[in-house]
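Here's my_file04.cif, which has mmCIF, C-alpha atoms and all ligand atoms:
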data_query
loop_
_atom_site.label_atom_id
_atom_site.label_comp_id
_atom_site.auth_asym_id
_atom_site.auth_seq_id
_atom_site.Cartn_x
_atom_site.Cartn_y
_atom_site.Cartn_z
CA MET A 13 50.83 152.63 111.12
CA GLN A 14 50.22 151.27 107.62
CA VAL A 15 52.89 150.82 104.97
CA THR A 16 52.97 149.53 101.42
CA LEU A 17 55.65 146.92 100.96
CA LYS A 18 56.64 146.46 97.32
CA ILE A 19 58.69 143.36 96.62
CA LEU A 20 60.35 142.46 93.33
CA ARG A 21 59.15 138.90 92.85
CA TYR A 22 60.52 136.27 90.49
CA ASN A 23 59.68 132.60 90.23
CA PRO A 24 61.85 130.98 87.54
CA GLU A 25 59.29 128.20 87.13
CA LYS A 26 56.56 130.52 85.87
CA ASP A 27 57.83 134.08 85.33
CA ASN A 28 59.68 135.37 82.27
CA ARG A 29 60.94 138.35 84.20
CA PRO A 30 60.74 139.83 87.70
CA HIS A 31 57.64 141.86 88.57
CA TRP A 32 56.53 144.00 91.52
CA GLU A 33 53.94 142.84 94.00
CA SER A 34 52.52 145.16 96.67
CA TYR A 35 51.29 144.34 100.17
CA ARG A 36 49.48 146.74 102.50
CA LEU A 37 50.59 145.97 106.05
CA GLU A 38 49.79 147.17 109.55
CA VAL A 39 53.20 147.56 111.24
CA GLU A 40 54.96 149.16 114.20
CA PRO A 41 57.61 151.85 113.61
CA MET A 42 60.14 149.65 115.42
CA ASP A 43 59.45 146.64 113.16
CA ARG A 44 62.35 145.59 110.99
CA VAL A 45 61.99 145.01 107.27
CA LEU A 46 62.68 141.36 108.06
CA ASP A 47 59.55 141.35 110.25
CA LEU A 48 57.54 142.72 107.31
CA LEU A 49 58.83 140.00 104.99
CA HIS A 50 57.88 137.39 107.59
CA LYS A 51 54.44 138.94 107.90
CA VAL A 52 53.89 138.57 104.16
CA LYS A 53 55.27 135.03 104.11
CA TRP A 54 53.34 133.79 107.15
CA GLU A 55 50.07 135.63 106.62
CA THR A 56 49.65 136.33 102.91
CA ASP A 57 51.91 134.37 100.56
CA GLY A 58 53.98 131.43 101.77
CA THR A 59 55.81 131.21 98.45
CA LEU A 60 57.82 134.39 99.14
CA ALA A 61 61.50 133.40 99.20
CA PHE A 62 64.27 135.19 101.08
CA ARG A 63 67.30 134.23 103.15
CA LYS A 64 67.86 135.02 106.82
CA SER A 65 69.33 133.24 109.76
CA CYS A 66 70.51 135.10 112.86
CA GLY A 67 68.08 138.02 112.72
CA HIS A 68 70.64 140.24 114.46
CA GLY A 69 73.16 141.51 111.91
CA ILE A 70 75.68 138.72 112.43
CA CYS A 71 75.23 136.04 109.75
CA GLY A 72 75.13 138.34 106.71
CA SER A 73 72.47 136.33 104.91
CA ASP A 74 69.72 138.95 104.45
CA ALA A 75 71.41 141.74 102.48
CA MET A 76 68.88 143.18 100.05
CA LEU A 77 68.15 146.40 98.20
CA ILE A 78 65.77 148.33 100.47
CA ASN A 79 64.49 151.66 99.15
CA GLY A 80 67.31 151.70 96.62
CA ARG A 81 70.15 150.96 99.02
CA ASN A 82 71.83 147.73 100.08
CA ARG A 83 71.00 146.99 103.72
CA LEU A 84 70.42 144.07 106.07
CA ALA A 85 66.67 143.48 106.42
CA CYS A 86 67.15 142.50 110.08
CA LYS A 87 68.90 145.79 110.90
CA THR A 88 66.57 148.16 109.04
CA LEU A 89 63.72 149.62 111.06
CA VAL A 90 60.56 150.93 109.39
CA GLN A 91 60.90 154.25 111.25
CA ASP A 92 64.43 154.76 109.91
CA LEU A 93 63.24 154.61 106.30
CA GLY A 94 61.09 157.72 106.80
CA THR A 95 58.39 156.70 104.31
CA ASP A 96 55.25 154.56 104.17
CA THR A 97 56.33 152.94 100.90
CA ILE A 98 59.10 150.37 101.21
CA THR A 99 60.64 148.68 98.19
CA VAL A 100 62.65 145.48 98.48
CA GLU A 101 64.70 143.95 95.65
CA PRO A 102 67.41 141.31 95.48
CA ILE A 103 71.02 142.57 95.62
CA ARG A 104 72.34 143.31 92.13
CA GLY A 105 74.97 141.66 89.97
CA LEU A 106 74.33 138.06 91.04
CA PRO A 107 71.83 135.72 89.32
CA VAL A 108 68.41 135.71 91.00
CA GLU A 109 67.28 132.23 91.97
CA LYS A 110 63.87 133.13 93.36
CA ASP A 111 62.39 136.41 94.69
CA LEU A 112 65.05 137.88 97.01
CA ILE A 113 67.42 134.91 96.86
CA VAL A 114 70.49 135.26 94.65
CA ASP A 115 73.14 132.73 93.68
CA MET A 116 76.05 133.58 96.00
CA ARG A 117 78.51 131.14 94.40
CA PRO A 118 80.40 133.77 92.32
CA PHE A 119 80.75 135.87 95.48
CA PHE A 120 82.19 133.03 97.54
CA SER A 121 84.40 131.89 94.73
CA ALA A 122 86.04 135.36 94.70
CA TYR A 123 86.33 135.09 98.49
CA ARG A 124 88.16 131.77 98.26
CA ALA A 125 90.45 133.10 95.50
CA VAL A 126 92.19 135.47 97.94
CA LYS A 127 92.95 132.58 100.33
CA PRO A 128 91.20 133.91 103.42
CA TRP A 129 93.18 131.86 105.91
CA LEU A 130 96.53 132.21 107.70
CA ILE A 131 99.47 131.20 105.51
CA ASN A 132 102.68 130.50 107.42
CA ASP A 133 104.81 127.46 106.70
CA GLU A 134 107.21 128.02 109.59
CA PRO A 135 106.97 125.39 112.32
CA PRO A 136 104.50 126.65 114.93
CA PRO A 137 106.05 127.93 118.15
CA GLU A 138 105.61 125.99 121.35
CA ARG A 139 102.82 128.33 122.37
CA GLU A 140 100.89 130.92 120.34
CA ARG A 141 102.28 133.15 117.56
CA LEU A 142 102.68 136.39 119.48
CA GLN A 143 101.42 139.70 118.18
CA SER A 144 101.42 143.17 119.73
CA PRO A 145 98.12 145.06 120.23
CA GLU A 146 99.25 147.47 117.49
CA GLU A 147 99.89 144.60 115.07
CA ARG A 148 96.47 143.16 115.89
CA MET A 149 94.76 146.51 115.29
CA ARG A 150 96.37 146.77 111.84
CA PHE A 151 93.85 144.31 110.40
CA ASP A 152 91.00 144.88 112.83
CA GLU A 153 88.52 146.37 110.35
CA GLY A 154 88.55 143.30 108.11
CA THR A 155 87.68 141.01 111.02
CA LYS A 156 84.30 142.77 111.32
CA CYS A 157 83.19 141.58 107.88
CA ILE A 158 80.15 139.27 107.90
CA LEU A 159 80.36 138.41 104.17
CA CYS A 160 76.93 139.83 103.45
CA ALA A 161 77.92 140.97 99.91
CA ALA A 162 76.26 144.38 100.35
CA CYS A 163 79.51 146.05 99.24
CA THR A 164 80.29 143.90 96.21
CA THR A 165 76.73 144.03 94.91
CA SER A 166 76.59 147.82 95.19
CA CYS A 167 79.77 148.26 93.14
CA PRO A 168 79.14 149.55 89.58
CA VAL A 169 82.31 147.85 88.36
CA PHE A 170 80.99 144.51 89.61
CA TRP A 171 77.63 145.11 87.90
CA VAL A 172 79.21 145.61 84.48
CA ASN A 173 82.09 143.19 84.88
CA GLY A 174 81.22 140.07 86.84
CA THR A 175 84.86 138.96 86.74
CA TYR A 176 85.87 141.71 89.21
CA ILE A 177 86.53 139.95 92.52
CA GLY A 178 84.78 142.80 94.30
CA PRO A 179 85.41 144.78 97.48
CA ALA A 180 84.44 142.04 99.95
CA ALA A 181 87.20 139.77 98.62
CA VAL A 182 89.70 142.64 98.89
CA VAL A 183 88.63 143.28 102.49
CA GLN A 184 89.29 139.62 103.25
CA ALA A 185 92.67 139.78 101.52
CA HIS A 186 93.48 142.87 103.60
CA ARG A 187 92.63 141.02 106.80
CA PHE A 188 95.45 138.52 106.15
CA ILE A 189 97.97 140.60 104.17
CA PHE A 190 98.25 143.01 107.12
CA ASP A 191 98.44 140.25 109.74
CA SER A 192 102.02 140.16 111.08
CA ARG A 193 101.79 136.35 111.45
CA ASP A 194 100.91 135.76 107.80
CA GLN A 195 103.36 135.11 104.97
CA GLY A 196 100.96 134.68 102.06
CA ALA A 197 100.91 138.24 100.71
CA ALA A 198 102.71 137.35 97.46
CA GLU A 199 100.19 134.59 96.67
CA ARG A 200 97.29 136.96 97.28
CA PHE A 201 98.92 139.74 95.27
CA ALA A 202 99.02 137.36 92.28
CA THR A 203 95.21 137.07 92.41
CA LEU A 204 94.66 140.73 93.26
CA GLY A 205 96.90 141.81 90.38
CA SER A 206 95.14 139.64 87.79
CA THR A 207 92.63 140.90 85.21
CA GLY A 208 89.64 140.78 87.54
CA GLY A 209 91.65 141.94 90.54
CA VAL A 210 91.83 145.04 92.69
CA TRP A 211 92.92 147.40 89.88
CA ARG A 212 89.38 147.20 88.51
CA CYS A 213 88.27 149.35 91.45
CA ARG A 214 87.51 152.91 90.35
CA THR A 215 87.05 154.30 93.86
CA ALA A 216 83.28 154.65 93.48
CA TYR A 217 82.78 154.43 97.28
CA ASN A 218 79.39 152.67 96.98
CA CYS A 219 80.91 149.76 98.87
CA THR A 220 81.82 151.89 101.88
CA GLU A 221 78.37 153.46 101.99
CA ALA A 222 76.68 150.05 101.76
CA CYS A 223 78.64 148.23 104.45
CA PRO A 224 76.35 147.49 107.43
CA ARG A 225 79.44 146.96 109.62
CA GLU A 226 80.76 150.43 108.81
CA ILE A 227 84.03 149.04 107.54
CA PRO A 228 85.98 151.68 105.58
CA VAL A 229 86.03 149.40 102.56
CA THR A 230 87.45 151.86 100.02
CA GLN A 231 90.23 152.81 102.44
CA LEU A 232 91.19 149.15 102.89
CA ILE A 233 91.20 148.70 99.11
CA GLY A 234 93.58 151.69 98.86
CA GLU A 235 95.85 150.14 101.48
CA VAL A 236 95.99 146.88 99.55
CA LYS A 237 96.84 148.78 96.35
CA ARG A 238 99.66 150.64 98.11
CA ALA A 239 100.98 147.39 99.59
CA MET A 240 101.11 145.95 96.07
CA MET A 241 102.76 149.02 94.56
CA PHE A 242 105.14 150.12 97.28
CA GLY A 243 105.29 147.26 99.73
CA GLU A 244 103.65 149.46 102.40
CA MET A 245 102.41 146.97 104.96
FE1 LIG A 301 79.30 143.03 104.04
FE2 LIG A 301 80.87 145.06 104.79
FE3 LIG A 301 81.88 142.60 104.59
FE4 LIG A 301 81.20 143.94 102.42
S1 LIG A 301 82.83 144.50 103.86
S2 LIG A 301 80.74 141.80 102.82
S3 LIG A 301 79.41 145.05 103.09
S4 LIG A 301 80.31 143.28 106.02
FE1 LIG A 302 83.54 149.49 93.60
FE2 LIG A 302 84.03 150.26 96.06
FE3 LIG A 302 85.89 150.42 94.22
S1 LIG A 302 82.16 150.59 94.92
S2 LIG A 302 84.77 150.81 92.37
S3 LIG A 302 84.99 148.56 94.97
S4 LIG A 302 85.53 151.86 95.88
FE1 LIG A 303 71.67 137.47 109.94
FE2 LIG A 303 70.35 139.62 109.06
S1 LIG A 303 69.56 137.62 109.43
S2 LIG A 303 72.46 139.38 109.36
#
Show me the file's structure as structure tokens.
Amino acid sequence: MQVTLKILRYNPEKDNRPHWESYRLEVEPMDRVLDLLHKVKWETDGTLAFRKSCGHGICGSDAMLINGRNRLACKTLVQDLGTDTITVEPIRGLPVEKDLIVDMRPFFSAYRAVKPWLINDEPPPERERLQSPEERMRFDEGTKCILCAACTTSCPVFWVNGTYIGPAAVVQAHRFIFDSRDQGAAERFATLGSTGGVWRCRTAYNCTEACPREIPVTQLIGEVKRAMMFGEM
């Protein structure tokens, strides 16, 4: 089958603003959008810039806006888009460096701000810190996050206020706040309660719809808010 792939291109060295470029491609229904981008790069225009690594939905590096929705290019099949016109744009709310590549530093700086590591100053036990299966399940959803930024860059609050730490950072905070072995909740609450913290969330749900790992992002945000308000953990 033939499709038209429209890519929002931007080269900071010669363009004043992004512009669309179209490519007519012969593809298979089971091809992924990532395959189409490779086809353009390898066969038509080697200057096309995009990120990818694993190719299998694990590394989180190829989130992009495909037909108006944040998705992973490596997990999006042509046949699932149900159209012969495919648009690809960089994820929104982060500065575009070139074509589909954005500057992820603000995203990772919000990630680091919630201290996404185990905090526990007690001397470690002789063997492992034990945890029941129920305690482990309490933070299971957050462990599925691949830090692709699809959630944060689909959030309208993040678009208009770049200081909002964004849903991905809250998911990471949730992963540790609800870990029975962790004692760093108060430190994380200080960040989450600050001006750009979790109270900026207006329950828009875009984040949940965008998550390629099907994490119930908005629900986790609600759980963090309740933990901060009522100590429900
Ligand atoms: Fe990506 Fe989902 Fe993690 Fe957000 S919560 S960064 S959308 S995997
Ligand atoms: Fe944004 Fe998700 Fe809240 S889209 S407003 S973080 S529910
Ligand atoms: Fe790794 Fe798509 S290339 S998630």
Practice problem: Using only C-alpha atoms, collect all residues at a distance of at most 8 Å from (64.1, 136.9, 90.0) as written in the file, then present them as an MDAnalysis selection string. | Solution: chainID A and resid 20:24 29:30 102 107:113
Once you have the residues from the selection above, write them out as a short mmCIF file (atom, residue, chain, number, x, y, z; two decimals), in the coordinates of the input, restricted to C-alpha atoms.
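again.cif was written with the following content:
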data_model
loop_
_atom_site.label_atom_id
_atom_site.label_comp_id
_atom_site.auth_asym_id
_atom_site.auth_seq_id
_atom_site.Cartn_x
_atom_site.Cartn_y
_atom_site.Cartn_z
CA LEU A 20 60.35 142.46 93.33
CA ARG A 21 59.15 138.90 92.85
CA TYR A 22 60.52 136.27 90.49
CA ASN A 23 59.68 132.60 90.23
CA PRO A 24 61.85 130.98 87.54
CA ARG A 29 60.94 138.35 84.20
CA PRO A 30 60.74 139.83 87.70
CA PRO A 102 67.41 141.31 95.48
CA PRO A 107 71.83 135.72 89.32
CA VAL A 108 68.41 135.71 91.00
CA GLU A 109 67.28 132.23 91.97
CA LYS A 110 63.87 133.13 93.36
CA ASP A 111 62.39 136.41 94.69
CA LEU A 112 65.05 137.88 97.01
CA ILE A 113 67.42 134.91 96.86
#
Exercise. List all protein, DNA and RNA residues that have an atom no more than 8 Å from any atom of ligand LIG 303 (chain A), counting all atoms listed in the file, and report them as an MDAnalysis selection string.
Key: chainID A and resid 46 63:75 84:87 158 160
Practice problem: Tell me, as number ranges by chain, which residues lie within 6 Å of segment 136-153 of chain A, counting only C-alpha atoms; anything in the same chain fewer than 5 positions away does not count. | Solution: A: 187, 190, 227
Quiz item: Using only C-alpha atoms and all ligand atoms, which residue out of A:Arg238, A:Arg124, A:Arg212, A:Lys26 lies closest to ligand LIG 302 (chain A)?
Solution: A:Arg212
Self-check item: Contacts to ligand LIG 302 (chain A) at 10 Å cut-off (only C-alpha atoms and all ligand atoms) as a ChimeraX atom specification
Solution: /A:163-171,176-183,210-222,228-234
Padding 3 Å on each side, edges along x, y and z: where is the centre of the box around the listed atoms of ligand LIG 301 (chain A), and how long are its edges in Å to one decimal? Output it as JSON.
{"center_x": 81.1, "center_y": 143.4, "center_z": 104.2, "size_x": 9.5, "size_y": 9.3, "size_z": 9.6}
Quiz item: Just how far from atom CA of Leu159 of chain A is atom CA of Trp54 of chain A, in Å to one decimal?
Solution: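 Separating atom CA of Trp54 of chain A from atom CA of Leu159 of chain A is a distance of 27.6 Å.
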Practice problem: To one decimal in Å, tell me the separation between atom CA of Val172 of chain A and atom CA of Ala122 of chain A. | Solution: 16.0 Å
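The space separating atom CA of Arg83 of chain A from atom CA of Thr203 of chain A comes to 28.5 Å.
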Quiz item: For ligand LIG 301 (chain A), which of A:Pro135, A:Gly209, A:Pro224, A:Gly174 is the closest residue, counting all atoms listed in the file?
Solution: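 Going through A:Pro135, A:Gly209, A:Pro224, A:Gly174 one by one, the smallest distance to ligand LIG 301 (chain A) is for A:Pro224.
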Quiz item: Which residue, A:Gly80, A:Gly154, A:Gly58, A:Gly196, has the smallest gap to ligand LIG 301 (chain A) when you use all atoms listed in the file?
Solution: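 Counting all atoms listed in the file, the residue closest to ligand LIG 301 (chain A) is A:Gly154.
Compared by their closest atoms to Val90 of chain A, and using only C-alpha atoms, the residues A:Pro128, A:Pro118, A:Gly105, A:Pro41 rank with A:Pro41 nearest.
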Self-check item: Nearest residue to Ile19 of chain A from the set A:Met116, A:Ala197, A:Met245, A:Val45 (distances using all atoms listed in the file)
Solution: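 Smallest distance to Ile19 of chain A is found for A:Val45.
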Practice problem: Find the residue from A:Leu37, A:Ile189, A:Val236, A:Met42 that sits nearest to Thr56 of chain A; use only C-alpha atoms when measuring. | Solution: A:Leu37
